Structure formats: structure tokens, C-alpha cells
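**Student:** So that you have it, the file is my_file_0.pdb, and it contains PDB, C-alpha atoms:
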ATOM      1  CA  MET Z  11      -0.946  33.016   2.636
ATOM      2  CA  ALA Z  12       0.067  35.833   4.947
ATOM      3  CA  ASP Z  13       1.186  33.890   8.027
ATOM      4  CA  LYS Z  14       4.290  31.705   8.039
ATOM      5  CA  LEU Z  15       3.297  28.078   8.535
ATOM      6  CA  ARG Z  16       5.433  24.976   9.041
ATOM      7  CA  LEU Z  17       5.452  21.724   7.070
ATOM      8  CA  MET Z  18       7.417  18.585   7.983
ATOM      9  CA  THR Z  19       7.976  15.718   5.555
ATOM     10  CA  VAL Z  20       9.331  12.426   6.920
ATOM     11  CA  HIS Z  21      11.267  10.085   4.618
ATOM     12  CA  ALA Z  22      13.113   6.787   4.859
ATOM     13  CA  HIS Z  23      16.287   7.540   2.889
ATOM     14  CA  PRO Z  24      18.164  10.455   1.340
ATOM     15  CA  ASP Z  25      16.717  11.037  -2.179
ATOM     16  CA  ASP Z  26      13.142  10.145  -1.096
ATOM     17  CA  GLU Z  27      12.506  13.810  -0.307
ATOM     18  CA  SER Z  28      13.362  14.699  -3.911
ATOM     19  CA  SER Z  29      11.371  11.943  -5.634
ATOM     20  CA  LYS Z  30       8.256  12.370  -3.477
ATOM     21  CA  GLY Z  31       6.700  15.794  -3.026
ATOM     22  CA  ALA Z  32       9.740  17.934  -3.772
ATOM     23  CA  ALA Z  33       7.896  20.434  -5.960
ATOM     24  CA  THR Z  34       5.344  20.914  -3.173
ATOM     25  CA  THR Z  35       8.035  21.682  -0.630
ATOM     26  CA  ALA Z  36       9.775  24.046  -3.061
ATOM     27  CA  ARG Z  37       6.477  25.876  -3.625
ATOM     28  CA  TYR Z  38       5.824  26.361   0.084
ATOM     29  CA  VAL Z  39       9.378  27.554   0.695
ATOM     30  CA  ALA Z  40       8.947  30.066  -2.149
ATOM     31  CA  GLU Z  41       5.720  31.275  -0.542
ATOM     32  CA  GLY Z  42       7.597  32.044   2.667
ATOM     33  CA  HIS Z  43       6.717  29.056   4.815
ATOM     34  CA  GLU Z  44       9.139  26.839   6.724
ATOM     35  CA  VAL Z  45       9.706  23.281   5.568
ATOM     36  CA  MET Z  46      11.713  20.614   7.342
ATOM     37  CA  VAL Z  47      12.693  17.287   5.804
ATOM     38  CA  VAL Z  48      13.436  14.487   8.259
ATOM     39  CA  THR Z  49      15.440  11.544   6.913
ATOM     40  CA  CYS Z  50      15.177   8.441   9.088
ATOM     41  CA  THR Z  51      18.274   6.575   7.833
ATOM     42  CA  GLY Z  52      21.545   7.390   6.140
ATOM     43  CA  GLY Z  53      20.858   5.266   3.084
ATOM     44  CA  GLU Z  54      23.991   3.244   3.815
ATOM     45  CA  ALA Z  55      22.622   0.057   2.222
ATOM     46  CA  GLY Z  56      21.593   1.701  -1.042
ATOM     47  CA  SER Z  57      23.106   0.520  -4.307
ATOM     48  CA  ILE Z  58      24.876   2.875  -6.704
ATOM     49  CA  LEU Z  59      22.230   3.288  -9.405
ATOM     50  CA  ASN Z  60      24.026   5.775 -11.624
ATOM     51  CA  PRO Z  61      26.642   4.041 -13.833
ATOM     52  CA  ALA Z  62      28.737   7.201 -13.950
ATOM     53  CA  MET Z  63      29.145   7.034 -10.150
ATOM     54  CA  ASP Z  64      29.796   3.288  -9.912
ATOM     55  CA  LYS Z  65      33.439   3.563  -8.909
ATOM     56  CA  PRO Z  66      35.402   1.827  -6.128
ATOM     57  CA  GLU Z  67      36.182   5.097  -4.356
ATOM     58  CA  VAL Z  68      32.493   6.024  -4.342
ATOM     59  CA  ALA Z  69      31.408   2.622  -3.015
ATOM     60  CA  ALA Z  70      34.034   2.867  -0.278
ATOM     61  CA  ASN Z  71      32.683   6.214   0.910
ATOM     62  CA  LEU Z  72      28.993   5.844   0.106
ATOM     63  CA  PRO Z  73      27.601   6.850   3.541
ATOM     64  CA  ALA Z  74      29.552  10.123   3.554
ATOM     65  CA  ILE Z  75      28.752  10.833  -0.091
ATOM     66  CA  ARG Z  76      25.045  10.304   0.492
ATOM     67  CA  ARG Z  77      25.161  12.840   3.326
ATOM     68  CA  GLU Z  78      26.814  15.343   0.988
ATOM     69  CA  GLU Z  79      24.164  14.664  -1.656
ATOM     70  CA  MET Z  80      21.399  15.218   0.867
ATOM     71  CA  ALA Z  81      22.899  18.557   1.891
ATOM     72  CA  LYS Z  82      22.977  19.660  -1.769
ATOM     73  CA  ALA Z  83      19.371  18.618  -2.337
ATOM     74  CA  ALA Z  84      18.188  20.396   0.815
ATOM     75  CA  LYS Z  85      19.917  23.582  -0.323
ATOM     76  CA  ILE Z  86      18.293  23.365  -3.765
ATOM     77  CA  LEU Z  87      14.843  22.870  -2.222
ATOM     78  CA  GLY Z  88      15.419  25.540   0.414
ATOM     79  CA  VAL Z  89      14.370  23.225   3.229
ATOM     80  CA  GLN Z  90      15.698  22.627   6.697
ATOM     81  CA  HIS Z  91      16.960  19.097   7.261
ATOM     82  CA  ARG Z  92      17.397  16.640  10.125
ATOM     83  CA  TRP Z  93      18.838  13.141  10.204
ATOM     84  CA  LEU Z  94      16.986  10.861  12.587
ATOM     85  CA  GLY Z  95      20.133   8.746  12.831
ATOM     86  CA  PHE Z  96      19.045   5.153  12.179
ATOM     87  CA  VAL Z  97      20.754   2.560   9.988
ATOM     88  CA  ASP Z  98      19.390   1.667   6.553
ATOM     89  CA  SER Z  99      17.779  -1.786   6.624
ATOM     90  CA  GLY Z 100      18.426  -2.557   2.980
ATOM     91  CA  LEU Z 101      15.969  -4.315   0.708
ATOM     92  CA  PRO Z 102      16.216  -8.072   1.305
ATOM     93  CA  GLU Z 103      16.023 -10.139  -1.862
ATOM     94  CA  GLY Z 104      15.565 -13.859  -2.309
ATOM     95  CA  ASP Z 105      12.959 -16.536  -1.700
ATOM     96  CA  PRO Z 106      12.695 -16.563   1.200
ATOM     97  CA  PRO Z 107      14.363 -13.177   1.793
ATOM     98  CA  PRO Z 108      17.211 -13.111   4.312
ATOM     99  CA  PRO Z 109      16.580 -11.637   7.760
ATOM    100  CA  LEU Z 110      17.152  -7.936   8.235
ATOM    101  CA  PRO Z 111      20.400  -6.870   9.942
ATOM    102  CA  ASP Z 112      20.283  -6.509  13.703
ATOM    103  CA  GLY Z 113      19.936  -2.915  14.825
ATOM    104  CA  CYS Z 114      18.687  -1.533  11.530
ATOM    105  CA  PHE Z 115      15.816   0.946  11.340
ATOM    106  CA  ALA Z 116      13.138  -1.658  10.623
ATOM    107  CA  THR Z 117      14.142  -3.906  13.544
ATOM    108  CA  VAL Z 118      14.759  -1.516  16.426
ATOM    109  CA  PRO Z 119      11.835  -1.166  18.863
ATOM    110  CA  LEU Z 120       9.277   1.286  17.477
ATOM    111  CA  GLU Z 121       9.589   3.444  20.584
ATOM    112  CA  GLU Z 122      13.193   4.436  19.759
ATOM    113  CA  PRO Z 123      12.652   6.192  16.422
ATOM    114  CA  THR Z 124       9.255   7.479  17.589
ATOM    115  CA  ARG Z 125      10.924   9.204  20.519
ATOM    116  CA  ALA Z 126      13.568  10.679  18.204
ATOM    117  CA  LEU Z 127      10.926  12.010  15.798
ATOM    118  CA  VAL Z 128       8.763  13.379  18.602
ATOM    119  CA  GLU Z 129      11.756  15.378  19.806
ATOM    120  CA  VAL Z 130      12.257  16.889  16.337
ATOM    121  CA  MET Z 131       8.520  17.614  16.026
ATOM    122  CA  ARG Z 132       8.493  19.399  19.365
ATOM    123  CA  GLU Z 133      11.498  21.449  18.282
ATOM    124  CA  PHE Z 134      10.217  22.409  14.806
ATOM    125  CA  ARG Z 135       6.496  22.544  15.742
ATOM    126  CA  PRO Z 136       5.014  21.615  12.340
ATOM    127  CA  HIS Z 137       1.407  22.420  11.534
ATOM    128  CA  VAL Z 138       1.328  19.697   8.855
ATOM    129  CA  VAL Z 139       3.171  16.367   8.586
ATOM    130  CA  VAL Z 140       3.561  14.316   5.388
ATOM    131  CA  THR Z 141       4.757  10.706   5.253
ATOM    132  CA  TYR Z 142       4.039   7.396   3.436
ATOM    133  CA  ASP Z 143       0.954   5.199   3.581
ATOM    134  CA  GLU Z 144       0.751   1.867   5.415
ATOM    135  CA  ASN Z 145       2.444   0.124   2.465
ATOM    136  CA  GLY Z 146       5.331   2.562   2.531
ATOM    137  CA  GLY Z 147       4.481   3.723  -0.979
ATOM    138  CA  TYR Z 148       6.176   0.462  -1.917
ATOM    139  CA  PRO Z 149       7.008  -2.395   0.468
ATOM    140  CA  HIS Z 150      10.543  -1.501   1.487
ATOM    141  CA  PRO Z 151      10.949  -2.278   5.208
ATOM    142  CA  ASP Z 152      12.306   1.210   5.923
ATOM    143  CA  HIS Z 153       9.374   2.874   4.147
ATOM    144  CA  ILE Z 154       6.871   0.830   6.125
ATOM    145  CA  ARG Z 155       8.699   1.619   9.364
ATOM    146  CA  CYS Z 156       8.801   5.311   8.358
ATOM    147  CA  HIS Z 157       5.003   5.209   8.123
ATOM    148  CA  GLU Z 158       4.697   3.552  11.536
ATOM    149  CA  VAL Z 159       7.058   6.011  13.199
ATOM    150  CA  SER Z 160       5.474   9.084  11.613
ATOM    151  CA  VAL Z 161       1.934   8.120  12.635
ATOM    152  CA  ALA Z 162       3.024   7.233  16.174
ATOM    153  CA  ALA Z 163       4.948  10.503  16.551
ATOM    154  CA  PHE Z 164       2.034  12.560  15.180
ATOM    155  CA  GLU Z 165      -0.196  11.094  17.882
ATOM    156  CA  ALA Z 166       2.374  11.362  20.679
ATOM    157  CA  ALA Z 167       3.942  14.779  20.079
ATOM    158  CA  GLY Z 168       1.082  16.725  21.691
ATOM    159  CA  ASP Z 169       0.686  14.448  24.714
ATOM    160  CA  PRO Z 170       2.603  15.706  27.768
ATOM    161  CA  ASP Z 171       2.663  12.192  29.205
ATOM    162  CA  GLU Z 172       4.488  10.786  26.174
ATOM    163  CA  PHE Z 173       8.273  10.923  25.941
ATOM    164  CA  PRO Z 174       9.075  13.346  28.783
ATOM    165  CA  GLY Z 175      12.347  15.174  28.331
ATOM    166  CA  THR Z 176      11.937  15.670  24.587
ATOM    167  CA  GLY Z 177      10.635  19.242  24.703
ATOM    168  CA  GLU Z 178       7.341  21.019  25.183
ATOM    169  CA  PRO Z 179       4.362  19.148  23.717
ATOM    170  CA  TRP Z 180       3.247  20.234  20.257
ATOM    171  CA  GLN Z 181       0.298  18.826  18.324
ATOM    172  CA  PRO Z 182       0.520  18.943  14.525
ATOM    173  CA  LEU Z 183      -2.865  19.689  12.984
ATOM    174  CA  LYS Z 184      -2.894  17.575   9.819
ATOM    175  CA  LEU Z 185      -1.319  14.314   8.670
ATOM    176  CA  TYR Z 186      -1.022  13.319   5.009
ATOM    177  CA  TYR Z 187       0.238  10.372   2.996
ATOM    178  CA  SER Z 188       1.954  11.188  -0.308
ATOM    179  CA  HIS Z 189       0.790   9.333  -3.421
ATOM    180  CA  GLY Z 190       3.134  10.062  -6.283
ATOM    181  CA  PHE Z 191       3.087   6.981  -8.495
ATOM    182  CA  SER Z 192      -0.488   6.563  -9.668
ATOM    183  CA  ARG Z 193      -1.591   4.559 -12.674
ATOM    184  CA  LYS Z 194      -3.823   7.428 -13.786
ATOM    185  CA  ARG Z 195      -0.880   9.827 -13.981
ATOM    186  CA  MET Z 196       1.208   7.289 -15.892
ATOM    187  CA  GLU Z 197      -1.601   6.698 -18.375
ATOM    188  CA  LEU Z 198      -2.100  10.393 -19.079
ATOM    189  CA  CYS Z 199       1.616  11.088 -19.497
ATOM    190  CA  HIS Z 200       1.996   7.962 -21.628
ATOM    191  CA  GLN Z 201      -0.851   8.998 -23.911
ATOM    192  CA  ALA Z 202       0.446  12.564 -24.258
ATOM    193  CA  MET Z 203       3.898  11.336 -25.255
ATOM    194  CA  LYS Z 204       2.535   8.833 -27.765
ATOM    195  CA  GLU Z 205       0.414  11.574 -29.360
ATOM    196  CA  ARG Z 206       3.580  13.635 -29.838
ATOM    197  CA  GLY Z 207       5.539  10.725 -31.262
ATOM    198  CA  ILE Z 208       7.806  10.511 -28.197
ATOM    199  CA  GLU Z 209       8.785   7.146 -26.749
ATOM    200  CA  SER Z 210       7.080   6.661 -23.400
ATOM    201  CA  PRO Z 211       8.972   5.243 -20.389
ATOM    202  CA  TYR Z 212       5.695   3.793 -19.102
ATOM    203  CA  GLU Z 213       4.933   1.367 -21.953
ATOM    204  CA  GLU Z 214       6.138  -1.784 -20.196
ATOM    205  CA  TRP Z 215       5.202  -0.571 -16.723
ATOM    206  CA  LEU Z 216       1.560  -0.090 -17.703
ATOM    207  CA  LYS Z 217       1.486  -3.361 -19.633
ATOM    208  CA  ASN Z 218       2.632  -5.250 -16.519
ATOM    209  CA  TRP Z 219       0.392  -3.400 -14.043
ATOM    210  CA  ASP Z 220      -1.634  -6.001 -12.123
ATOM    211  CA  PRO Z 221      -5.318  -5.172 -12.782
ATOM    212  CA  LYS Z 222      -6.085  -6.236  -9.206
ATOM    213  CA  ARG Z 223      -3.607  -3.708  -7.844
ATOM    214  CA  PRO Z 224      -5.456  -0.603  -6.619
ATOM    215  CA  ASP Z 225      -4.500   2.772  -8.060
ATOM    216  CA  PRO Z 226      -3.152   5.054  -5.308
ATOM    217  CA  PHE Z 227      -4.913   7.950  -7.025
ATOM    218  CA  ASP Z 228      -8.222   6.571  -5.776
ATOM    219  CA  ARG Z 229      -7.136   7.607  -2.284
ATOM    220  CA  VAL Z 230      -6.085  11.145  -3.167
ATOM    221  CA  THR Z 231      -7.918  13.948  -1.349
ATOM    222  CA  THR Z 232      -5.517  16.824  -1.956
ATOM    223  CA  ARG Z 233      -3.809  17.968  -5.143
ATOM    224  CA  VAL Z 234      -1.181  20.684  -4.782
ATOM    225  CA  GLU Z 235      -0.482  22.606  -7.986
ATOM    226  CA  CYS Z 236       3.289  22.950  -8.221
ATOM    227  CA  GLY Z 237       4.279  22.599 -11.887
ATOM    228  CA  GLU Z 238       6.188  25.858 -11.641
ATOM    229  CA  TYR Z 239       8.678  24.052  -9.371
ATOM    230  CA  PHE Z 240       9.301  20.900 -11.408
ATOM    231  CA  GLU Z 241      12.761  22.156 -12.423
ATOM    232  CA  VAL Z 242      13.663  22.602  -8.752
ATOM    233  CA  ARG Z 243      12.397  19.092  -8.036
ATOM    234  CA  ASP Z 244      14.514  17.626 -10.840
ATOM    235  CA  ASP Z 245      17.621  19.555  -9.795
ATOM    236  CA  ALA Z 246      17.223  18.247  -6.244
ATOM    237  CA  LEU Z 247      16.811  14.719  -7.548
ATOM    238  CA  ARG Z 248      19.945  15.000  -9.693
ATOM    239  CA  ALA Z 249      21.859  16.109  -6.590
ATOM    240  CA  HIS Z 250      21.584  12.491  -5.410
ATOM    241  CA  ALA Z 251      24.078  11.475  -8.068
ATOM    242  CA  THR Z 252      24.803   7.995  -6.682
ATOM    243  CA  GLN Z 253      21.103   7.110  -6.788
ATOM    244  CA  ILE Z 254      19.760   8.877  -9.868
ATOM    245  CA  ASP Z 255      20.924   8.331 -13.426
ATOM    246  CA  PRO Z 256      20.317  11.662 -15.224
ATOM    247  CA  ASN Z 257      19.494   9.651 -18.359
ATOM    248  CA  SER Z 258      16.864   7.517 -16.629
ATOM    249  CA  ARG Z 259      13.089   7.558 -17.011
ATOM    250  CA  TRP Z 260      12.838   9.950 -14.072
ATOM    251  CA  PHE Z 261      13.598  12.694 -16.585
ATOM    252  CA  ALA Z 262      12.102  11.173 -19.750
ATOM    253  CA  ILE Z 263       8.821  13.105 -19.719
ATOM    254  CA  PRO Z 264       9.217  16.677 -21.027
ATOM    255  CA  LEU Z 265       8.259  19.233 -18.417
ATOM    256  CA  ASP Z 266       5.773  20.925 -20.714
ATOM    257  CA  ILE Z 267       3.858  17.644 -20.977
ATOM    258  CA  GLN Z 268       3.948  17.172 -17.219
ATOM    259  CA  ARG Z 269       2.639  20.689 -16.659
ATOM    260  CA  GLU Z 270      -0.102  20.149 -19.217
ATOM    261  CA  VAL Z 271      -1.449  16.804 -18.031
ATOM    262  CA  TRP Z 272      -0.483  16.634 -14.344
ATOM    263  CA  PRO Z 273       0.879  19.856 -12.785
ATOM    264  CA  TYR Z 274       0.175  18.501  -9.288
ATOM    265  CA  GLU Z 275       1.553  16.426  -6.474
ATOM    266  CA  ASP Z 276      -1.027  14.254  -4.762
ATOM    267  CA  TYR Z 277      -1.783  13.510  -1.122
ATOM    268  CA  GLU Z 278      -4.271  11.749   1.102
ATOM    269  CA  LEU Z 279      -5.512  13.537   4.217
ATOM    270  CA  VAL Z 280      -5.700  10.885   6.945
ATOM    271  CA  ARG Z 281      -5.932  12.947  10.145
ATOM    272  CA  SER Z 282      -7.115  16.506  10.666
ATOM    273  CA  LEU Z 283      -7.718  18.523  13.799
ATOM    274  CA  VAL Z 284      -8.974  21.498  11.788
ATOM    275  CA  ASP Z 285     -12.021  21.959   9.611
ATOM    276  CA  THR Z 286     -11.379  21.507   5.911
ATOM    277  CA  THR Z 287     -13.411  20.654   2.830
ATOM    278  CA  LEU Z 288     -12.418  17.837   0.521
ATOM    279  CA  PRO Z 289     -11.085  17.800  -2.108
ATOM    280  CA  GLU Z 290      -8.330  20.273  -1.194
ATOM    281  CA  ASP Z 291      -5.704  22.142  -3.196
ATOM    282  CA  ASP Z 292      -3.495  23.146  -0.258
ATOM    283  CA  LEU Z 293      -1.893  21.127   2.545
ATOM    284  CA  PHE Z 294      -2.483  24.111   4.839
ATOM    285  CA  SER Z 295      -6.246  24.286   4.182
ATOM    286  CA  GLY Z 296      -7.918  25.032   7.504
ATOM    287  CA  VAL Z 297      -4.604  25.593   9.255
ATOM    288  CA  GLN Z 298      -4.418  29.276   8.336
ATOM    289  CA  GLU Z 299      -7.708  29.976  10.075
ATOM    290  CA  LYS Z 300      -6.738  27.902  13.127
ATOM    291  CA  SER Z 301      -3.360  29.638  13.438
ATOM    292  CA  SER Z 302      -4.993  33.077  13.318
ATOM    293  CA  THR Z 303      -7.328  32.428  16.266
TER     294      THR Z 303
END
Let me see the structure of the file written as C-alpha cells.
**Tutor:**
Amino acid sequence: MADKLRLMTVHAHPDDESSKGAATTARYVAEGHEVMVVTCTGGEAGSILNPAMDKPEVAANLPAIRREEMAKAAKILGVQHRWLGFVDSGLPEGDPPPPLPDGCFATVPLEEPTRALVEVMREFRPHVVVTYDENGGYPHPDHIRCHEVSVAAFEAAGDPDEFPGTGEPWQPLKLYYSHGFSRKRMELCHQAMKERGIESPYEEWLKNWDPKRPDPFDRVTTRVECGEYFEVRDDALRAHATQIDPNSRWFAIPLDIQREVWPYEDYELVRSLVDTTLPEDDLFSGVQEKSST
């Protein structure tokens, strides 16, 4: 790809950018394109998931530490980064679950974060935007709100009547949902590990998969080959040391197996203002031609 193009990925919390589509972003950066990660919240309500980091001094400074971790991950991936500035809603647990905190990302009026994201879109001028599907990838309130905000901003950014005072209008050309946790991928990786006599981290997960639950892979339209950048992805993920245990199942599948059975990251094209042919192997399909005219 000769011309420099711009990709924006919109995520709910710091670490989401490294667990969802990180190898894709690393590939496009390596190819000379510009990539911006937007993080909607500071991840303040996240638990410390790495036992080695579960210390009183870390818990007392978690918001600041998560910002430092995000800066490290962005540097590893080579991406630009923006905080949208909203407060983590947390994941309510219980039956019934408790109400969400007042003023958190999932409870503020949709217009507020949409306006903030439109302003960043008009500044960065992305050709392509990637976010989560209507279920948030999984039903965390911040992930669902991230979806709502991203779709609303995609539609509003090019309209001069929407959100005056946030910069010159700019219309992104394509909108994608990321689909990283498919049953089909788990099954193939599971089978490959069993054939090699390696314990699979997916044994119980697959056993408990609800047969009525749809496989996100059925929605995939676009598969970006990026196995060459799996090490970069994993390094970025490990940078979020409070959230990622380096001994967890995130890193249990040998990279050679991943490259053999699934050297892709998967996406669903949901809005396109350029001509493209499905299935695709490039998020910028059709954009190159449009940008050259």
C-alpha cells in the first residue's frame, strides 16, 4: 500500500486494545500507516488480575498505574493514543446486580461521549474505524456503551450540523466490529494442541459452550493476516501487568500453532462508503482507490 492511510480503534478500557486486534494494528503501523487507539475510560474499576501485582501500593495507585501501562502498550504497538476521559463503570455482580455508579461511562448521556469521540475523529481523520459489536464482544456495560458511542460518532463525524465547534467535519469510510473470541478458532487451536500432546486451555471452555450461543465467526467478513505480529501483540498485552497474568491462558497456545491454524484477526464490515468485495483480507480494501481519486 503506497499511500498512508489512517485507522482508529475504539476501546472501553486500557488493555482492550492489546487483547483485541493488536496484531492488526501492529501490522498496519509496520506498513507505514497511522493508527490511533482511543480508550473511553481509565479502567479505574478494574480488578488486579495478576497475583504478582496484587499489592496494597498497587491497589492504592491503580488509576495512575493503568495509565502508565497503557503508555507502554501504545509504544510497543507503535500507535497514537487518546483517552476519552470517562469513568470506568465496573462490572456489576449479583442477582439482581447493583446499579451502576452515577456519572460513569455507561450512565452519562450518550451525547457526551459521542461529542468527545467526534472531536477526536475530526482531528485524526480516520479512513477506517474498528469497535465492538452490539453485545460489546461480551456484555460489560462499558463495552456496550463503547459500541453505541462509536457507531453514533461514525455517523455524526461527517455531518456539519452535528456537534459544531468540534472541528471540520470528516466522514470515515468504513466501520468494523472486531470478533476475536470465536468457537471455531478455539476448536482448531484446541485440536492442534491435543494432537501435539499439549494441554489445551480451552478444554473446559468448549465443554461449557452453550450450543444455542451463536459463534461470532459466522459474522466475520474480513480476515487480516497478521501472524508475523503475534509477538508484538503479546508484548503489548504483558505491558498491562495489573490485568494480565503472564502465566495465564492468554499465552498458553504456542505461537507456531497459532500461526499454523489461525494467523488472522477477524472483523465484520458493518458500514462502507466505498466499494469492496467480500470476503476481504484488508481493512483498507476499497479505501486505497477512494483516497487516490
**Student:** Would you write out, as a list of chain:residue names, every residue that the PyMOL selection byres ((chain Z and resi 210) around 12) captures in this file?
**Tutor:** Z:Met196, Z:Glu197, Z:Leu198, Z:Cys199, Z:His200, Z:Gln201, Z:Ala202, Z:Met203, Z:Lys204, Z:Glu205, Z:Arg206, Z:Gly207, Z:Ile208, Z:Glu209, Z:Pro211, Z:Tyr212, Z:Glu213, Z:Glu214, Z:Trp215, Z:Leu216, Z:Ser258, Z:Arg259, Z:Trp260, Z:Phe261, Z:Ala262, Z:Ile263, Z:Pro264, Z:Ile267
**Student:** Select from region 95-193 of chain Z every residue with an atom at most 6 Å from any atom of region 36-56 of chain Z, then for each give the shortest pair of atoms and their distance in Å to one decimal, using only C-alpha atoms, rows by chain and rising number, as CSV.
**Tutor:**
residue,atom,partner,partner_atom,distance
Z:Gly95,CA,Z:Thr51,CA,5.8
Z:Phe96,CA,Z:Thr51,CA,4.6
Z:Val97,CA,Z:Thr51,CA,5.2
Z:Asp98,CA,Z:Thr51,CA,5.2
Z:Gly100,CA,Z:Ala55,CA,5.0
**Student:** Name the residues that the PyMOL selection byres ((chain Z and resi 15-30) around 8) picks from the file above, as a PDB file with C-alpha atoms, in the frame of the given file, using the file's chain letters and numbers.
**Tutor:**
ATOM      1  CA  ASP Z  13       1.186  33.890   8.027  1.00  0.00           C
ATOM      2  CA  LYS Z  14       4.290  31.705   8.039  1.00  0.00           C
ATOM      3  CA  GLY Z  31       6.700  15.794  -3.026  1.00  0.00           C
ATOM      4  CA  ALA Z  32       9.740  17.934  -3.772  1.00  0.00           C
ATOM      5  CA  HIS Z  43       6.717  29.056   4.815  1.00  0.00           C
ATOM      6  CA  GLU Z  44       9.139  26.839   6.724  1.00  0.00           C
ATOM      7  CA  VAL Z  45       9.706  23.281   5.568  1.00  0.00           C
ATOM      8  CA  MET Z  46      11.713  20.614   7.342  1.00  0.00           C
ATOM      9  CA  VAL Z  47      12.693  17.287   5.804  1.00  0.00           C
ATOM     10  CA  VAL Z  48      13.436  14.487   8.259  1.00  0.00           C
ATOM     11  CA  THR Z  49      15.440  11.544   6.913  1.00  0.00           C
ATOM     12  CA  CYS Z  50      15.177   8.441   9.088  1.00  0.00           C
ATOM     13  CA  THR Z  51      18.274   6.575   7.833  1.00  0.00           C
ATOM     14  CA  GLY Z  52      21.545   7.390   6.140  1.00  0.00           C
ATOM     15  CA  GLY Z  53      20.858   5.266   3.084  1.00  0.00           C
ATOM     16  CA  ARG Z  76      25.045  10.304   0.492  1.00  0.00           C
ATOM     17  CA  ARG Z  77      25.161  12.840   3.326  1.00  0.00           C
ATOM     18  CA  GLU Z  79      24.164  14.664  -1.656  1.00  0.00           C
ATOM     19  CA  MET Z  80      21.399  15.218   0.867  1.00  0.00           C
ATOM     20  CA  ALA Z  83      19.371  18.618  -2.337  1.00  0.00           C
ATOM     21  CA  ASP Z  98      19.390   1.667   6.553  1.00  0.00           C
ATOM     22  CA  PHE Z 134      10.217  22.409  14.806  1.00  0.00           C
ATOM     23  CA  ARG Z 135       6.496  22.544  15.742  1.00  0.00           C
ATOM     24  CA  PRO Z 136       5.014  21.615  12.340  1.00  0.00           C
ATOM     25  CA  HIS Z 137       1.407  22.420  11.534  1.00  0.00           C
ATOM     26  CA  VAL Z 138       1.328  19.697   8.855  1.00  0.00           C
ATOM     27  CA  VAL Z 139       3.171  16.367   8.586  1.00  0.00           C
ATOM     28  CA  VAL Z 140       3.561  14.316   5.388  1.00  0.00           C
ATOM     29  CA  THR Z 141       4.757  10.706   5.253  1.00  0.00           C
ATOM     30  CA  TYR Z 142       4.039   7.396   3.436  1.00  0.00           C
ATOM     31  CA  ASP Z 152      12.306   1.210   5.923  1.00  0.00           C
ATOM     32  CA  HIS Z 153       9.374   2.874   4.147  1.00  0.00           C
ATOM     33  CA  CYS Z 156       8.801   5.311   8.358  1.00  0.00           C
ATOM     34  CA  SER Z 160       5.474   9.084  11.613  1.00  0.00           C
ATOM     35  CA  SER Z 188       1.954  11.188  -0.308  1.00  0.00           C
ATOM     36  CA  GLY Z 190       3.134  10.062  -6.283  1.00  0.00           C
ATOM     37  CA  ARG Z 243      12.397  19.092  -8.036  1.00  0.00           C
ATOM     38  CA  ASP Z 244      14.514  17.626 -10.840  1.00  0.00           C
ATOM     39  CA  ALA Z 246      17.223  18.247  -6.244  1.00  0.00           C
ATOM     40  CA  LEU Z 247      16.811  14.719  -7.548  1.00  0.00           C
ATOM     41  CA  HIS Z 250      21.584  12.491  -5.410  1.00  0.00           C
ATOM     42  CA  GLN Z 253      21.103   7.110  -6.788  1.00  0.00           C
ATOM     43  CA  PHE Z 294      -2.483  24.111   4.839  1.00  0.00           C
ATOM     44  CA  GLN Z 298      -4.418  29.276   8.336  1.00  0.00           C
TER      45      GLN Z 298
END
**Student:** Might you pull out every residue within 10 Å of Leu293 (chain Z), with only C-alpha atoms counted and same-chain residues fewer than 2 positions away left off, and present them as a list of chain:residue names?
**Tutor:**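 Here the qualifying residues turn out to be Z:Leu17, Z:Thr34, Z:Tyr38, Z:His137, Z:Val138, Z:Val139, Z:Val140, Z:Lys184, Z:Leu185, Z:Tyr186, Z:Thr232, Z:Arg233, Z:Val234, Z:Tyr277, Z:Glu278, Z:Leu279, Z:Glu290, Z:Asp291, Z:Ser295, Z:Gly296, Z:Val297.
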**Student:** How would the residues just picked look written out with C-alpha atoms as a PDB file, in the coordinates of the input?
**Tutor:**
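Output file selection_20.pdb is given in full below:
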ATOM      1  CA  LEU Z  17       5.452  21.724   7.070  1.00  0.00           C
ATOM      2  CA  THR Z  34       5.344  20.914  -3.173  1.00  0.00           C
ATOM      3  CA  TYR Z  38       5.824  26.361   0.084  1.00  0.00           C
ATOM      4  CA  HIS Z 137       1.407  22.420  11.534  1.00  0.00           C
ATOM      5  CA  VAL Z 138       1.328  19.697   8.855  1.00  0.00           C
ATOM      6  CA  VAL Z 139       3.171  16.367   8.586  1.00  0.00           C
ATOM      7  CA  VAL Z 140       3.561  14.316   5.388  1.00  0.00           C
ATOM      8  CA  LYS Z 184      -2.894  17.575   9.819  1.00  0.00           C
ATOM      9  CA  LEU Z 185      -1.319  14.314   8.670  1.00  0.00           C
ATOM     10  CA  TYR Z 186      -1.022  13.319   5.009  1.00  0.00           C
ATOM     11  CA  THR Z 232      -5.517  16.824  -1.956  1.00  0.00           C
ATOM     12  CA  ARG Z 233      -3.809  17.968  -5.143  1.00  0.00           C
ATOM     13  CA  VAL Z 234      -1.181  20.684  -4.782  1.00  0.00           C
ATOM     14  CA  TYR Z 277      -1.783  13.510  -1.122  1.00  0.00           C
ATOM     15  CA  GLU Z 278      -4.271  11.749   1.102  1.00  0.00           C
ATOM     16  CA  LEU Z 279      -5.512  13.537   4.217  1.00  0.00           C
ATOM     17  CA  GLU Z 290      -8.330  20.273  -1.194  1.00  0.00           C
ATOM     18  CA  ASP Z 291      -5.704  22.142  -3.196  1.00  0.00           C
ATOM     19  CA  SER Z 295      -6.246  24.286   4.182  1.00  0.00           C
ATOM     20  CA  GLY Z 296      -7.918  25.032   7.504  1.00  0.00           C
ATOM     21  CA  VAL Z 297      -4.604  25.593   9.255  1.00  0.00           C
TER      22      VAL Z 297
END
**Student:** Which of these, Z:Pro224, Z:Glu122, Z:Asp266, Z:Ala162, has the shortest distance to Glu241 (chain Z) once you count only C-alpha atoms?
**Tutor:** Z:Asp266
**Student:** May I ask which of the residues Z:Met63, Z:Val280, Z:Leu87, Z:Arg193 is the closest one to Arg223 (chain Z), counting all atoms listed in the file?
**Tutor:**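 The shortest atom-to-atom distance to Arg223 (chain Z) comes from Z:Arg193.
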**Student:** CA of Asp143 (chain Z) and CA of Pro174 (chain Z) are how many Å apart?
**Tutor:**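 Atom-to-atom, CA of Asp143 (chain Z) to CA of Pro174 (chain Z), that is 27.7 Å.
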**Student:** What is the CA of Val161 (chain Z) to CA of Cys114 (chain Z) distance in Å?
**Tutor:**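 Distance reported for this atom pair: 19.4 Å.
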**Student:** Choose the residue, out of Z:Ala33, Z:Glu270, Z:Val284, Z:Thr252, that has the smallest atom-to-atom separation from Ala62 (chain Z); count all atoms listed in the file.
**Tutor:** Z:Thr252
**Student:** Quick one: of Z:Val89, Z:Val230, Z:Ala116, Z:Ala251, who's nearest to Pro102 (chain Z), counting only C-alpha atoms?
**Tutor:**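 Going through Z:Val89, Z:Val230, Z:Ala116, Z:Ala251 one by one, the smallest distance to Pro102 (chain Z) is for Z:Ala116.
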**Student:** Compare Z:Pro226, Z:Gly104, Z:Pro289, Z:Gly88 by their minimum atom-to-atom distance to Gly146 (chain Z), counting all atoms listed in the file, and give me the closest one.
**Tutor:**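 With all atoms listed in the file as the atom set, the closest residue is Z:Pro226.
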**Student:** What is the distance, in Å and to one decimal place, between CA of Ile75 (chain Z) and CA of Asn257 (chain Z)?
**Tutor:**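 The value is 20.5 Å.
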